[in-house]
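Quick look at entry_14.cif (mmCIF, N, CA and C atoms):
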```cif
data_data
loop_
_atom_site.group_PDB
_atom_site.id
_atom_site.type_symbol
_atom_site.label_atom_id
_atom_site.label_comp_id
_atom_site.auth_asym_id
_atom_site.auth_seq_id
_atom_site.Cartn_x
_atom_site.Cartn_y
_atom_site.Cartn_z
ATOM 1 N N MET A 1 -36.425 67.904 38.558
ATOM 2 C CA MET A 1 -37.027 66.738 37.954
ATOM 3 C C MET A 1 -38.074 66.138 38.876
ATOM 4 N N PHE A 2 -37.769 65.985 40.134
ATOM 5 C CA PHE A 2 -38.699 65.413 41.090
ATOM 6 C C PHE A 2 -39.274 66.508 41.982
ATOM 7 N N SER A 3 -39.722 67.596 41.388
ATOM 8 C CA SER A 3 -40.164 68.732 42.187
ATOM 9 C C SER A 3 -41.415 68.421 42.996
ATOM 10 N N GLY A 4 -42.250 67.514 42.523
ATOM 11 C CA GLY A 4 -43.483 67.210 43.237
ATOM 12 C C GLY A 4 -43.356 66.020 44.165
ATOM 13 N N ILE A 5 -42.204 65.365 44.200
ATOM 14 C CA ILE A 5 -42.020 64.171 45.009
ATOM 15 C C ILE A 5 -41.077 64.493 46.155
ATOM 16 N N GLY A 6 -41.526 64.219 47.358
ATOM 17 C CA GLY A 6 -40.702 64.454 48.535
ATOM 18 C C GLY A 6 -40.000 63.187 48.986
ATOM 19 N N VAL A 7 -39.291 63.292 50.082
ATOM 20 C CA VAL A 7 -38.534 62.159 50.620
ATOM 21 C C VAL A 7 -39.475 61.034 51.042
ATOM 22 N N THR A 8 -40.584 61.389 51.660
ATOM 23 C CA THR A 8 -41.541 60.380 52.118
ATOM 24 C C THR A 8 -42.091 59.577 50.945
ATOM 25 N N GLU A 9 -42.416 60.259 49.859
ATOM 26 C CA GLU A 9 -42.949 59.577 48.691
ATOM 27 C C GLU A 9 -41.910 58.654 48.064
ATOM 28 N N LEU A 10 -40.651 59.110 48.009
ATOM 29 C CA LEU A 10 -39.586 58.264 47.460
ATOM 30 C C LEU A 10 -39.383 57.006 48.296
ATOM 31 N N ILE A 11 -39.417 57.152 49.605
ATOM 32 C CA ILE A 11 -39.267 55.988 50.486
ATOM 33 C C ILE A 11 -40.424 55.029 50.279
ATOM 34 N N LEU A 12 -41.633 55.544 50.155
ATOM 35 C CA LEU A 12 -42.804 54.706 49.933
ATOM 36 C C LEU A 12 -42.689 53.951 48.608
ATOM 37 N N ILE A 13 -42.232 54.630 47.566
ATOM 38 C CA ILE A 13 -42.050 53.980 46.268
ATOM 39 C C ILE A 13 -41.007 52.873 46.360
ATOM 40 N N LEU A 14 -39.897 53.134 47.058
ATOM 41 C CA LEU A 14 -38.861 52.116 47.212
ATOM 42 C C LEU A 14 -39.346 50.912 48.006
ATOM 43 N N VAL A 15 -40.142 51.135 49.037
ATOM 44 C CA VAL A 15 -40.682 50.024 49.831
ATOM 45 C C VAL A 15 -41.631 49.186 48.983
ATOM 46 N N ILE A 16 -42.479 49.835 48.210
ATOM 47 C CA ILE A 16 -43.414 49.101 47.338
ATOM 48 C C ILE A 16 -42.635 48.299 46.294
ATOM 49 N N ALA A 17 -41.602 48.904 45.711
ATOM 50 C CA ALA A 17 -40.782 48.192 44.727
ATOM 51 C C ALA A 17 -40.092 46.996 45.370
ATOM 52 N N LEU A 18 -39.629 47.154 46.577
ATOM 53 C CA LEU A 18 -38.975 46.057 47.295
ATOM 54 C C LEU A 18 -39.952 44.914 47.531
ATOM 55 N N VAL A 19 -41.181 45.233 47.903
ATOM 56 C CA VAL A 19 -42.192 44.202 48.144
ATOM 57 C C VAL A 19 -42.579 43.509 46.838
ATOM 58 N N VAL A 20 -42.740 44.275 45.776
ATOM 59 C CA VAL A 20 -43.185 43.707 44.501
ATOM 60 C C VAL A 20 -42.092 42.863 43.850
ATOM 61 N N PHE A 21 -40.892 43.385 43.758
ATOM 62 C CA PHE A 21 -39.835 42.707 43.025
ATOM 63 C C PHE A 21 -38.944 41.833 43.907
ATOM 64 N N GLY A 22 -38.891 42.106 45.179
ATOM 65 C CA GLY A 22 -38.032 41.337 46.071
ATOM 66 C C GLY A 22 -36.621 41.883 46.076
ATOM 67 N N PRO A 23 -35.870 41.580 47.116
ATOM 68 C CA PRO A 23 -34.522 42.144 47.240
ATOM 69 C C PRO A 23 -33.547 41.617 46.187
ATOM 70 N N GLY A 24 -33.801 40.433 45.634
ATOM 71 C CA GLY A 24 -32.881 39.873 44.642
ATOM 72 C C GLY A 24 -32.995 40.529 43.281
ATOM 73 N N LYS A 25 -34.212 40.902 42.905
ATOM 74 C CA LYS A 25 -34.441 41.481 41.580
ATOM 75 C C LYS A 25 -34.323 43.003 41.555
ATOM 76 N N LEU A 26 -34.341 43.640 42.690
ATOM 77 C CA LEU A 26 -34.341 45.106 42.738
ATOM 78 C C LEU A 26 -33.119 45.730 42.052
ATOM 79 N N PRO A 27 -31.901 45.217 42.232
ATOM 80 C CA PRO A 27 -30.763 45.800 41.502
ATOM 81 C C PRO A 27 -30.908 45.672 39.982
ATOM 82 N N ASP A 28 -31.455 44.546 39.517
ATOM 83 C CA ASP A 28 -31.664 44.359 38.084
ATOM 84 C C ASP A 28 -32.700 45.335 37.541
ATOM 85 N N VAL A 29 -33.748 45.566 38.304
ATOM 86 C CA VAL A 29 -34.778 46.516 37.885
ATOM 87 C C VAL A 29 -34.198 47.922 37.820
ATOM 88 N N GLY A 30 -33.413 48.301 38.806
ATOM 89 C CA GLY A 30 -32.771 49.621 38.808
ATOM 90 C C GLY A 30 -31.807 49.783 37.652
ATOM 91 N N ARG A 31 -31.050 48.737 37.366
ATOM 92 C CA ARG A 31 -30.101 48.775 36.253
ATOM 93 C C ARG A 31 -30.841 48.929 34.928
ATOM 94 N N ALA A 32 -31.914 48.179 34.747
ATOM 95 C CA ALA A 32 -32.702 48.258 33.512
ATOM 96 C C ALA A 32 -33.350 49.634 33.371
ATOM 97 N N LEU A 33 -33.829 50.179 34.464
ATOM 98 C CA LEU A 33 -34.437 51.513 34.429
ATOM 99 C C LEU A 33 -33.400 52.569 34.065
ATOM 100 N N GLY A 34 -32.228 52.486 34.643
ATOM 101 C CA GLY A 34 -31.154 53.429 34.320
ATOM 102 C C GLY A 34 -30.729 53.331 32.865
ATOM 103 N N LYS A 35 -30.630 52.106 32.350
ATOM 104 C CA LYS A 35 -30.259 51.905 30.954
ATOM 105 C C LYS A 35 -31.332 52.479 30.026
ATOM 106 N N SER A 36 -32.592 52.282 30.377
ATOM 107 C CA SER A 36 -33.692 52.818 29.561
ATOM 108 C C SER A 36 -33.662 54.338 29.524
ATOM 109 N N ILE A 37 -33.433 54.958 30.664
ATOM 110 C CA ILE A 37 -33.373 56.425 30.722
ATOM 111 C C ILE A 37 -32.188 56.930 29.909
ATOM 112 N N ARG A 38 -31.048 56.265 30.018
ATOM 113 C CA ARG A 38 -29.848 56.655 29.260
ATOM 114 C C ARG A 38 -30.104 56.554 27.753
ATOM 115 N N GLU A 39 -30.730 55.460 27.304
ATOM 116 C CA GLU A 39 -31.025 55.288 25.885
ATOM 117 C C GLU A 39 -32.026 56.336 25.398
ATOM 118 N N PHE A 40 -32.998 56.668 26.227
ATOM 119 C CA PHE A 40 -33.976 57.686 25.858
ATOM 120 C C PHE A 40 -33.291 59.040 25.681
ATOM 121 N N LYS A 41 -32.396 59.386 26.594
ATOM 122 C CA LYS A 41 -31.683 60.661 26.490
ATOM 123 C C LYS A 41 -30.806 60.703 25.243
ATOM 124 N N ASN A 42 -30.140 59.585 24.927
ATOM 125 C CA ASN A 42 -29.309 59.532 23.724
ATOM 126 C C ASN A 42 -30.161 59.683 22.469
ATOM 127 N N ALA A 43 -31.310 59.028 22.434
ATOM 128 C CA ALA A 43 -32.200 59.141 21.274
ATOM 129 C C ALA A 43 -32.709 60.571 21.130
ATOM 130 N N GLU A 44 -33.039 61.204 22.244
ATOM 131 C CA GLU A 44 -33.502 62.586 22.214
ATOM 132 C C GLU A 44 -32.415 63.509 21.670
ATOM 133 N N LYS A 45 -31.185 63.287 22.115
ATOM 134 C CA LYS A 45 -30.061 64.099 21.659
ATOM 135 C C LYS A 45 -29.840 63.912 20.155
ATOM 136 N N ASN A 46 -29.949 62.672 19.680
ATOM 137 C CA ASN A 46 -29.776 62.398 18.252
ATOM 138 C C ASN A 46 -30.864 63.066 17.417
ATOM 139 N N ILE A 47 -32.085 63.054 17.895
ATOM 140 C CA ILE A 47 -33.188 63.696 17.173
ATOM 141 C C ILE A 47 -32.954 65.199 17.092
ATOM 142 N N ILE A 48 -32.541 65.803 18.194
ATOM 143 C CA ILE A 48 -32.281 67.243 18.204
ATOM 144 C C ILE A 48 -31.153 67.583 17.236
ATOM 145 N N GLU A 49 -30.099 66.761 17.212
ATOM 146 C CA GLU A 49 -28.993 67.003 16.280
ATOM 147 C C GLU A 49 -29.458 66.869 14.833
ATOM 148 N N ASP A 50 -30.298 65.875 14.545
ATOM 149 C CA ASP A 50 -30.809 65.689 13.184
ATOM 150 C C ASP A 50 -31.648 66.873 12.743
ATOM 151 N N VAL A 51 -32.489 67.368 13.619
ATOM 152 C CA VAL A 51 -33.331 68.516 13.286
ATOM 153 C C VAL A 51 -32.469 69.748 13.054
ATOM 154 N N THR A 52 -31.461 69.934 13.880
ATOM 155 C CA THR A 52 -30.563 71.087 13.729
ATOM 156 C C THR A 52 -29.818 71.016 12.395
ATOM 157 N N VAL A 53 -29.325 69.839 12.039
ATOM 158 C CA VAL A 53 -28.609 69.671 10.776
ATOM 159 C C VAL A 53 -29.549 69.931 9.603
ATOM 160 N N ASP A 54 -30.780 69.421 9.676
ATOM 161 C CA ASP A 54 -31.751 69.647 8.605
ATOM 162 C C ASP A 54 -32.073 71.127 8.454
ATOM 163 N N GLU A 55 -32.218 71.827 9.569
ATOM 164 C CA GLU A 55 -32.510 73.263 9.509
ATOM 165 C C GLU A 55 -31.333 74.030 8.906
ATOM 166 N N GLU A 56 -30.109 73.622 9.252
ATOM 167 C CA GLU A 56 -28.936 74.272 8.685
ATOM 168 C C GLU A 56 -28.849 74.031 7.178
ATOM 169 N N LYS A 57 -29.170 72.817 6.740
ATOM 170 C CA LYS A 57 -29.155 72.507 5.301
ATOM 171 C C LYS A 57 -30.198 73.341 4.572
ATOM 172 N N LYS A 58 -31.380 73.497 5.169
ATOM 173 C CA LYS A 58 -32.429 74.281 4.539
ATOM 174 C C LYS A 58 -32.021 75.747 4.420
ATOM 175 N N SER A 59 -31.401 76.273 5.465
ATOM 176 C CA SER A 59 -31.021 77.687 5.449
ATOM 177 C C SER A 59 -29.903 77.943 4.453
ATOM 178 N N THR A 60 -28.977 76.999 4.304
ATOM 179 C CA THR A 60 -27.881 77.196 3.339
ATOM 180 C C THR A 60 -28.369 76.978 1.909
ATOM 181 N N SER A 61 -29.341 76.106 1.700
ATOM 182 C CA SER A 61 -29.816 75.866 0.337
ATOM 183 C C SER A 61 -30.709 77.008 -0.156
ATOM 184 N N THR A 62 -31.398 77.698 0.745
ATOM 185 C CA THR A 62 -32.231 78.829 0.324
ATOM 186 C C THR A 62 -31.398 80.071 0.064
ATOM 187 N N LYS A 63 -30.228 80.167 0.702
ATOM 188 C CA LYS A 63 -29.344 81.315 0.502
ATOM 189 C C LYS A 63 -28.608 81.216 -0.843
ATOM 190 N N ALA A 64 -28.330 80.006 -1.272
ATOM 191 C CA ALA A 64 -27.535 79.816 -2.500
ATOM 192 C C ALA A 64 -28.339 80.004 -3.763
#
```

Could the structure of this file be written out as structure tokens, please?
Amino acid sequence: MFSGIGVTELILILVIALVVFGPGKLPDVGRALGKSIREFKNAEKNIIEDVTVDEEKKSTSTKA
């Protein structure tokens, strides 16, 4: 996932985030980011399941 980002770049990003958001807000920002990623993955999974179900319905209706 982070194939192009090394340790130095991650540390730099964390330092910039710390300066921008401050130490008090940083946990909230991380929590919100994690929740957003989790919701995106769930939505992606639901879309894939819907497409799979639709394809199965199409294949069974053309066979009958």

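Proximity ranking of A:Leu14, A:Lys57, A:Asn42, A:Glu49 relative to Gly30 in chain A places A:Leu14 first, based on only C-alpha atoms.
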
Mind giving me the straight-line distance from CA of Pro27 in chain A to CA of Ile13 in chain A in Å, one decimal?
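Separation of CA of Pro27 in chain A and CA of Ile13 in chain A: 14.7 Å.
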
Would you compute the distance between CA of Thr60 in chain A and atom C of Lys41 in chain A? Give it in Å to one decimal.
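Calculated distance between CA of Thr60 in chain A and atom C of Lys41 in chain A is 27.6 Å.
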
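CA of Lys58 in chain A is positioned 20.8 Å from atom N of Lys45 in chain A.
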
Residues within 7 Å of Ala17 in chain A, please, as a list in words. Count only N, CA and C atoms; anything in the same chain fewer than 5 positions from it doesn't count.
Leu12, Gly22 and Leu26 of chain A
